[in-house]
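First comes the structure, then the notes that go with it.
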Amino acid sequence: MVVHSATKFIGGHGSSLGGVIVDGGKFDWKAYPDKFPTLAKPDPNYHGGIFADLAGAAAFVTRVRAVVLRDQGATISPFNAFILLQGLETLSLRVERHVSNALKVVDFLTKHPKVAKVNHPSLPTHPDNALYKKYFPNGAGSIFTFEIKGDLEKTWKFIDSLEIFSLLANVADVKSLVIHPYTTTHSQMSPDELAAQHITPTTVRLSIGTEHIEDIIYDLCPHGSTMRSSLPHHAPHLFAEGPAVWLAIWRNGSCVEEVAY
């Protein structure tokens with residue numbers, strides 16, 4: 001059984017909420033009636049019927065529809081379904097770009113003098129590197145964390161300096177995203193729980209998007225650093241892709257940034 005959060009890569013744009021349950025239909029529910037009574041024992045709401053008998057291989061998904069959906073209203077709106085289906089059409093293409101960009105960012109951060117550690121299974125030092133190479137021979141993992149050399153204040157300053165990365169808690173968007181888990185998503189954890197999750201005050205989580213890789217790396221370089229000047233360009237490609245993008249830097253009829261080429 002596989003459960004997908006369709007809000008992430010399937011939708012791809014952080015614009016709708018949804019989920020997907022994929023049931024292989026191969027599990028023998030009746031072999032464990034006491035463990036799965038809602039599927040393997042009589043259901044009084046359906047005249048004593050047993051879902052495993054009534055629906056066979058589709059017992060689980062049938063009960064999801066007949067009970068969970070009916071009682072809890074767990075159904076998606078037509079518009080959100082449309083958006084997710086639109087995203088599904090470009091899923092494979094987007095994931096290729098996500099992964100390609102992420103591996104290049106991992107390589108960049110691993111060599112950065114101000115980065116203490118990068119946590120990504122593609123790295124030989126990662127404990128799951130062997131499994132990564134076995135199950136993902138073409139690469140995977142556009143969401144990962146890294147540690148900054150410094151303290152909490154330096155970490156906040158770094159995050160605040162980013163311009164292409166959006167400060168958001170969601171992941172798997174076409175936009176590159178950044179968050180500080182220690183003070184946001186995991187802030188209610190105790191010190192011991194944070195330590196068990198390897199989350200420190202200098203931990204930064206990135207969700208790498210589909211922007212041009214040079215723009216992403218440019219944004220991760222400290223402003224005014226020599227590393228920026230060594231990159232192939234000094235103004236992001238983001239502002240150089242035609243009239244449609246020029247609209248993004250005009251607000252309320254006023255030009256908020258000019259880029260000369």
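Chain lettering (A, B, ...) mirrors the order of the structure tokens, residue numbering begins at 1 for each chain separately, and ligand numbering begins at 1 in order of display.
Proximity to range 166-180 of chain A at 6 Å, evaluated using only C-alpha atoms and with sequence-adjacent residues fewer than 6 positions away removed, yields A:Lys8, A:Phe9, A:Gly12, A:His13, A:Gly14, A:Val204, A:Arg205, A:Leu206, A:Ser207, A:Ile208, A:Gly209, A:Thr210.
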Would you mind exporting the chosen residues as a compact mmCIF listing (two decimals), in the first residue's frame, restricted to all heavy atoms?
```txt
# COMPACT_ATOMS: atom_id res chain seq x y z
N LYS A 8 2.21 17.57 -3.00
CA LYS A 8 3.64 17.74 -3.23
C LYS A 8 3.97 17.60 -4.73
O LYS A 8 3.52 18.39 -5.53
CB LYS A 8 4.42 16.73 -2.39
CG LYS A 8 4.02 16.70 -0.92
CD LYS A 8 4.24 18.03 -0.22
CE LYS A 8 4.09 17.93 1.29
NZ LYS A 8 2.75 17.51 1.75
N PHE A 9 4.75 16.62 -5.10
CA PHE A 9 5.25 16.51 -6.48
C PHE A 9 4.14 16.32 -7.50
O PHE A 9 4.24 16.80 -8.63
CB PHE A 9 6.25 15.36 -6.59
CG PHE A 9 7.58 15.65 -5.97
CD1 PHE A 9 7.98 14.99 -4.83
CD2 PHE A 9 8.43 16.61 -6.52
CE1 PHE A 9 9.22 15.25 -4.25
CE2 PHE A 9 9.67 16.87 -5.96
CZ PHE A 9 10.06 16.20 -4.81
N GLY A 12 2.62 19.73 -7.70
CA GLY A 12 3.84 20.39 -8.11
C GLY A 12 3.92 21.89 -7.94
O GLY A 12 4.99 22.46 -8.05
N HIS A 13 2.79 22.54 -7.65
CA HIS A 13 2.81 24.00 -7.60
C HIS A 13 2.32 24.57 -6.27
O HIS A 13 2.11 25.77 -6.15
CB HIS A 13 1.97 24.58 -8.75
CG HIS A 13 2.49 24.21 -10.10
ND1 HIS A 13 2.23 22.98 -10.67
CD2 HIS A 13 3.26 24.89 -10.99
CE1 HIS A 13 2.82 22.92 -11.87
NE2 HIS A 13 3.45 24.05 -12.07
N GLY A 14 2.11 23.70 -5.29
CA GLY A 14 1.65 24.15 -3.98
C GLY A 14 0.32 24.89 -4.04
O GLY A 14 0.08 25.79 -3.25
N VAL A 204 19.39 23.95 8.11
CA VAL A 204 18.57 24.61 7.09
C VAL A 204 18.00 23.52 6.18
O VAL A 204 18.75 22.65 5.72
CB VAL A 204 19.39 25.60 6.25
CG1 VAL A 204 18.52 26.22 5.14
CG2 VAL A 204 19.96 26.69 7.13
N ARG A 205 16.68 23.56 5.95
CA ARG A 205 16.09 22.60 5.02
C ARG A 205 15.78 23.28 3.69
O ARG A 205 15.19 24.36 3.66
CB ARG A 205 14.78 22.02 5.58
CG ARG A 205 14.24 20.86 4.75
CD ARG A 205 12.85 20.45 5.19
NE ARG A 205 11.84 21.41 4.75
CZ ARG A 205 10.56 21.38 5.14
NH1 ARG A 205 10.16 20.46 6.00
NH2 ARG A 205 9.70 22.28 4.70
N LEU A 206 16.22 22.64 2.62
CA LEU A 206 15.97 23.16 1.27
C LEU A 206 15.06 22.21 0.50
O LEU A 206 15.17 20.99 0.64
CB LEU A 206 17.28 23.31 0.49
CG LEU A 206 18.34 24.26 1.04
CD1 LEU A 206 19.56 24.25 0.13
CD2 LEU A 206 17.79 25.67 1.18
N SER A 207 14.19 22.78 -0.28
CA SER A 207 13.42 22.02 -1.27
C SER A 207 13.79 22.64 -2.61
O SER A 207 13.38 23.77 -2.90
CB SER A 207 11.92 22.12 -1.00
OG SER A 207 11.18 21.47 -2.01
N ILE A 208 14.57 21.93 -3.40
CA ILE A 208 15.12 22.50 -4.63
C ILE A 208 14.07 22.46 -5.75
O ILE A 208 13.49 21.41 -6.03
CB ILE A 208 16.39 21.76 -5.07
CG1 ILE A 208 17.42 21.77 -3.93
CG2 ILE A 208 16.97 22.39 -6.33
CD1 ILE A 208 17.85 23.15 -3.50
N GLY A 209 13.87 23.61 -6.38
CA GLY A 209 12.87 23.73 -7.42
C GLY A 209 13.42 23.50 -8.81
O GLY A 209 14.49 22.90 -8.99
N THR A 210 12.69 24.02 -9.79
CA THR A 210 13.05 23.78 -11.19
C THR A 210 13.63 25.02 -11.88
O THR A 210 13.72 25.05 -13.11
CB THR A 210 11.82 23.30 -11.98
OG1 THR A 210 10.79 24.31 -11.92
CG2 THR A 210 11.26 22.01 -11.40
```
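Those residues that approach Gly24 in chain A to within 12 Å, counting only C-alpha atoms, are Met1, Val2, Val3, Ile21, Phe27, Asp28, Gly56, Ala57, Ala58, Ala59, Phe60 and Val61 of chain A; same-chain residues fewer than 3 positions away are not listed.
Taking the backbone of this structure through DSSP, the residues of range 113-182 of chain A that come out as helix (DSSP H, G or I) are Asn129, Ala130, Leu131, Tyr132, Lys133, Lys134, Tyr135, Leu152, Glu153, Lys154, Thr155, Trp156, Lys157, Phe158, Ile159, Asp160, Ser161, Pro181 and Tyr182 of chain A.
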For the residues selected in the previous step, produce a file with C-alpha atoms as a JSON list (two decimals), in the first residue's frame.
```
[["chain", "number", "residue", "atom", "x", "y", "z"],
["A", 129, "ASN", "CA", 24.20, 5.75, 0.36],
["A", 130, "ALA", "CA", 24.19, 2.06, -0.63],
["A", 131, "LEU", "CA", 20.39, 1.92, -0.53],
["A", 132, "TYR", "CA", 20.21, 5.18, -2.47],
["A", 133, "LYS", "CA", 22.34, 3.79, -5.29],
["A", 134, "LYS", "CA", 20.38, 0.52, -5.28],
["A", 135, "TYR", "CA", 16.87, 1.97, -5.44],
["A", 152, "LEU", "CA", 21.44, 30.65, 15.18],
["A", 153, "GLU", "CA", 21.81, 34.31, 14.24],
["A", 154, "LYS", "CA", 24.05, 33.53, 11.26],
["A", 155, "THR", "CA", 21.60, 30.88, 10.10],
["A", 156, "TRP", "CA", 18.68, 33.34, 10.25],
["A", 157, "LYS", "CA", 20.74, 35.94, 8.43],
["A", 158, "PHE", "CA", 21.54, 33.47, 5.66],
["A", 159, "ILE", "CA", 17.89, 32.50, 5.21],
["A", 160, "ASP", "CA", 16.78, 36.14, 5.20],
["A", 161, "SER", "CA", 19.32, 36.96, 2.49],
["A", 181, "PRO", "CA", 13.17, 23.57, 11.22],
["A", 182, "TYR", "CA", 14.57, 24.35, 14.68]]
```
How would you write, as an MDAnalysis selection string, the set of residues in range 44-191 of chain A that DSSP gives as strand (DSSP E or B)?
chainID A and resid 49 115:119 143:148 166:167 177:179
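Among the candidates A:Asn138, A:Gln86, A:Thr203, A:Thr38, the one nearest to Ala6 in chain A when counting only C-alpha atoms is A:Gln86.
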The residue from A:Asp53, A:Asp43, A:Glu193, A:Glu211 with the smallest atom-to-atom distance to Ala66 in chain A, counting only C-alpha atoms, is A:Asp43
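The space separating CA of Thr200 in chain A from CA of Ala140 in chain A comes to 24.4 Å.
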Closest of A:Ser122, A:Asn45, A:Ser142, A:Ser92 to Ile10 in chain A - atom-to-atom distances counting only C-alpha atoms
A:Ser92
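What separates CA of Phe165 in chain A from CA of Phe108 in chain A is a distance of 16.1 Å.
Comparing the minimum interatomic distances between Val105 in chain A and each of A:Ile143, A:Ala40, A:Ile76, A:Ile164, counting only C-alpha atoms, we find that A:Ile143 sits nearest.
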Coordinates-based distance that separates CA of Gln197 in chain A from CA of Cys221 in chain A (Å, one decimal):
26.9 Å
